[in-house]
Amino acid sequence: MILLSGYTYLISTNSKIKMSLFEKINSAISNNLQKADVQDHSSHYLLSSVLNRNSVIIDLGANKGEFYSLMSKKYGCYCFAVEASEALFNNLPPINKVKSYHFAIGKNNGSTKFYISKNAEANSLQSAISETWGVTASIMVEEKTLETFLADENIQLPVDVLKIDVEGAELDVLNNLPAAILSKIAQIPIEFHDFILNTQQYKTGMYEVINKLRNNHFLVLKLSANDWRETLCINTNLVQLNNLKKIRLTIIHPFLQNLKLLHINIGRLLKND
């Protein structure tokens, strides 16, 4: 309590110290992740040194193609990109070693309703997400499970990266993925949507998915302070982490994230006083 009171007094009496501390915490987080080989790839974090020109990347929620374009340019790897919006799909950049598909990945095989939002990054199978920015239309699109997609396209396991940014459908994608396939995926950068779907039902489902990943030997890294929108899951059976990297990711990173969250919450309390 003495330490917390002193910390609160320090940042409340000197705005320069307050900003400096926040910047230093962010810098420490960034430096620690870089030393652990975790790098930002178009707002999705990955262990970079294990990727190469033979890597296989699946991009669920390709949107405008920024992620697979960067991965192709940086590593020259094979990419399979899936985008449910016809308008976005038709404008995906054609790149060598990249195959693009127009349908949604979800919990069923068949057709499903898809909501078009005023915000192109909020097109979704979940109306609540699209409605945040306003829905312009709802259309029927083809839907496949990830298991069916892999089989239909004869995509061989293991998969090096499964990027999931599917605007609320991430729980359905992972809940319906058999452990036999999940165990053959090395890294999964996920954007969870608890910052929009702020309901107990979503949060319960999200933590169930996180537990499923952990039970299948994934190290789950929470990279955003207030929510789970930036998450990296590393399959420790497929990706070997040395002891120093383990310490950085399992001890130092959570400590720094909690320190950042403490700083943010104290700042909010002071602002409300």
# chains A, B, ... in the order shown; residues from 1 in each chain; ligands from 1
>>> select_by_dssp(residues="segment 39-236 of chain A", states="helix (DSSP H, G or I)", output="JSON, numbers by chain")
{"A": [66, 67, 68, 69, 70, 71, 72, 73, 74, 75, 86, 87, 88, 89, 120, 121, 122, 127, 128, 129, 130, 146, 147, 148, 149, 150, 151, 152, 170, 171, 172, 173, 174, 175, 179, 180, 181, 182, 200, 201, 202, 203, 204, 205, 206, 207, 208, 209, 210, 211, 212, 213, 214, 215]}
>>> residues_around(residues="Ser124 of chain A", least_positions_apart="6", cutoff="8 Å", atoms="only C-alpha atoms", output="ChimeraX atom specification")
/A:114-117,130,166-169
>>> residues_around(residues="Lys118 of chain A", least_positions_apart="2", cutoff="8 Å", atoms="only C-alpha atoms", output="list of chain:residue names")
A:Ile116, A:Ala120, A:Ala122, A:Ser130, A:Trp133, A:Gly134, A:Val135, A:Thr136
>>> closest_atom_pairs(of="segment 147-206 of chain A", to="segment 85-102 of chain A", cutoff="12 Å", atoms="only C-alpha atoms", output="JSON lines")
{"residue": "A:Phe149", "atom": "CA", "partner": "A:Tyr101", "partner_atom": "CA", "distance": 9.9}
{"residue": "A:Asp152", "atom": "CA", "partner": "A:Tyr101", "partner_atom": "CA", "distance": 11.7}
{"residue": "A:Glu153", "atom": "CA", "partner": "A:Lys99", "partner_atom": "CA", "distance": 10.2}
{"residue": "A:Ile155", "atom": "CA", "partner": "A:Lys99", "partner_atom": "CA", "distance": 11.3}
{"residue": "A:Val166", "atom": "CA", "partner": "A:Ser85", "partner_atom": "CA", "distance": 11.2}
>>> write_last_selection(atoms="C-alpha atoms", output="mmCIF file, in the first residue's frame")
data_model
loop_
_atom_site.group_PDB
_atom_site.id
_atom_site.type_symbol
_atom_site.label_atom_id
_atom_site.label_comp_id
_atom_site.auth_asym_id
_atom_site.auth_seq_id
_atom_site.Cartn_x
_atom_site.Cartn_y
_atom_site.Cartn_z
ATOM 1 C CA PHE A 149 -11.514 -25.377 -45.898
ATOM 2 C CA ASP A 152 -11.200 -28.830 -49.694
ATOM 3 C CA GLU A 153 -8.010 -27.000 -50.634
ATOM 4 C CA ILE A 155 -3.691 -27.552 -47.369
ATOM 5 C CA VAL A 166 -12.879 -12.291 -38.347
#
>>> select_by_dssp(residues="segment 44-82 of chain A", states="strand (DSSP E or B)", output="MDAnalysis selection string")
chainID A and resid 44:47 56:60 78:82
>>> residues_around(residues="segment 179-184 of chain A", least_positions_apart="3", cutoff="7 Å", atoms="only C-alpha atoms", output="NGL selection string")
:A and (157-159 or 216)
>>> write_last_selection(atoms="N, CA, C and O atoms", output="PDB file, in the first residue's frame")
ATOM      1  N   LEU A 157      -0.821 -29.942 -43.349  1.00  0.00           N
ATOM      2  CA  LEU A 157      -0.358 -29.567 -42.020  1.00  0.00           C
ATOM      3  C   LEU A 157       1.099 -30.008 -41.858  1.00  0.00           C
ATOM      4  O   LEU A 157       1.519 -30.969 -42.485  1.00  0.00           O
ATOM      5  N   PRO A 158       1.890 -29.323 -41.045  1.00  0.00           N
ATOM      6  CA  PRO A 158       1.498 -28.218 -40.166  1.00  0.00           C
ATOM      7  C   PRO A 158       1.362 -26.886 -40.898  1.00  0.00           C
ATOM      8  O   PRO A 158       1.917 -26.697 -41.983  1.00  0.00           O
ATOM      9  N   VAL A 159       0.617 -25.968 -40.279  1.00  0.00           N
ATOM     10  CA  VAL A 159       0.475 -24.593 -40.738  1.00  0.00           C
ATOM     11  C   VAL A 159       1.319 -23.719 -39.817  1.00  0.00           C
ATOM     12  O   VAL A 159       1.273 -23.855 -38.600  1.00  0.00           O
ATOM     13  N   ASN A 216      -3.949 -27.268 -25.152  1.00  0.00           N
ATOM     14  CA  ASN A 216      -3.320 -27.878 -26.327  1.00  0.00           C
ATOM     15  C   ASN A 216      -1.911 -27.326 -26.547  1.00  0.00           C
ATOM     16  O   ASN A 216      -1.431 -27.243 -27.682  1.00  0.00           O
TER      17      ASN A 216
END
>>> closest_residue(among="A:Ala84, A:Val38, A:Leu177, A:Leu171", to="Tyr207 of chain A", atoms="only C-alpha atoms")
A:Leu171
>>> closest_atom_pairs(of="segment 146-262 of chain A", to="segment 50-66 of chain A", cutoff="7 Å", atoms="only C-alpha atoms", output="CSV")
residue,atom,partner,partner_atom,distance
A:Val159,CA,A:Val56,CA,5.4
A:Asp160,CA,A:Val56,CA,5.3
A:Val161,CA,A:Ile57,CA,4.8
A:Leu162,CA,A:Ile58,CA,4.9
A:Lys163,CA,A:Asp59,CA,5.0
A:Ile164,CA,A:Leu60,CA,5.0
A:Asp165,CA,A:Gly61,CA,5.1
A:Val166,CA,A:Gly61,CA,5.0
>>> closest_residue(among="A:His253, A:Lys113, A:Lys260, A:Lys271", to="Lys35 of chain A", atoms="only C-alpha atoms")
A:His253
>>> closest_residue(among="A:Cys233, A:Ile105, A:Cys77, A:Ala128", to="Tyr45 of chain A", atoms="only C-alpha atoms")
A:Cys233
>>> closest_residue(among="A:Ala137, A:Leu238, A:Ala225, A:Ile247", to="Leu259 of chain A", atoms="only C-alpha atoms")
A:Ala225
>>> closest_residue(among="A:Ser69, A:Gln200, A:Thr250, A:Ser48", to="Val220 of chain A", atoms="only C-alpha atoms")
A:Thr250
>>> atom_distance(atom1="atom CA of His44 of chain A", atom2="atom CA of Ser138 of chain A")
28.0 Å
>>> closest_residue(among="A:Leu125, A:Leu70, A:Leu46, A:Val173", to="Ile234 of chain A", atoms="only C-alpha atoms")
A:Leu46
>>> atom_distance(atom1="atom CA of Ser224 of chain A", atom2="atom CA of Phe255 of chain A")
13.1 Å
>>> atom_distance(atom1="atom CA of Asn243 of chain A", atom2="atom CA of Gln257 of chain A")
20.2 Å
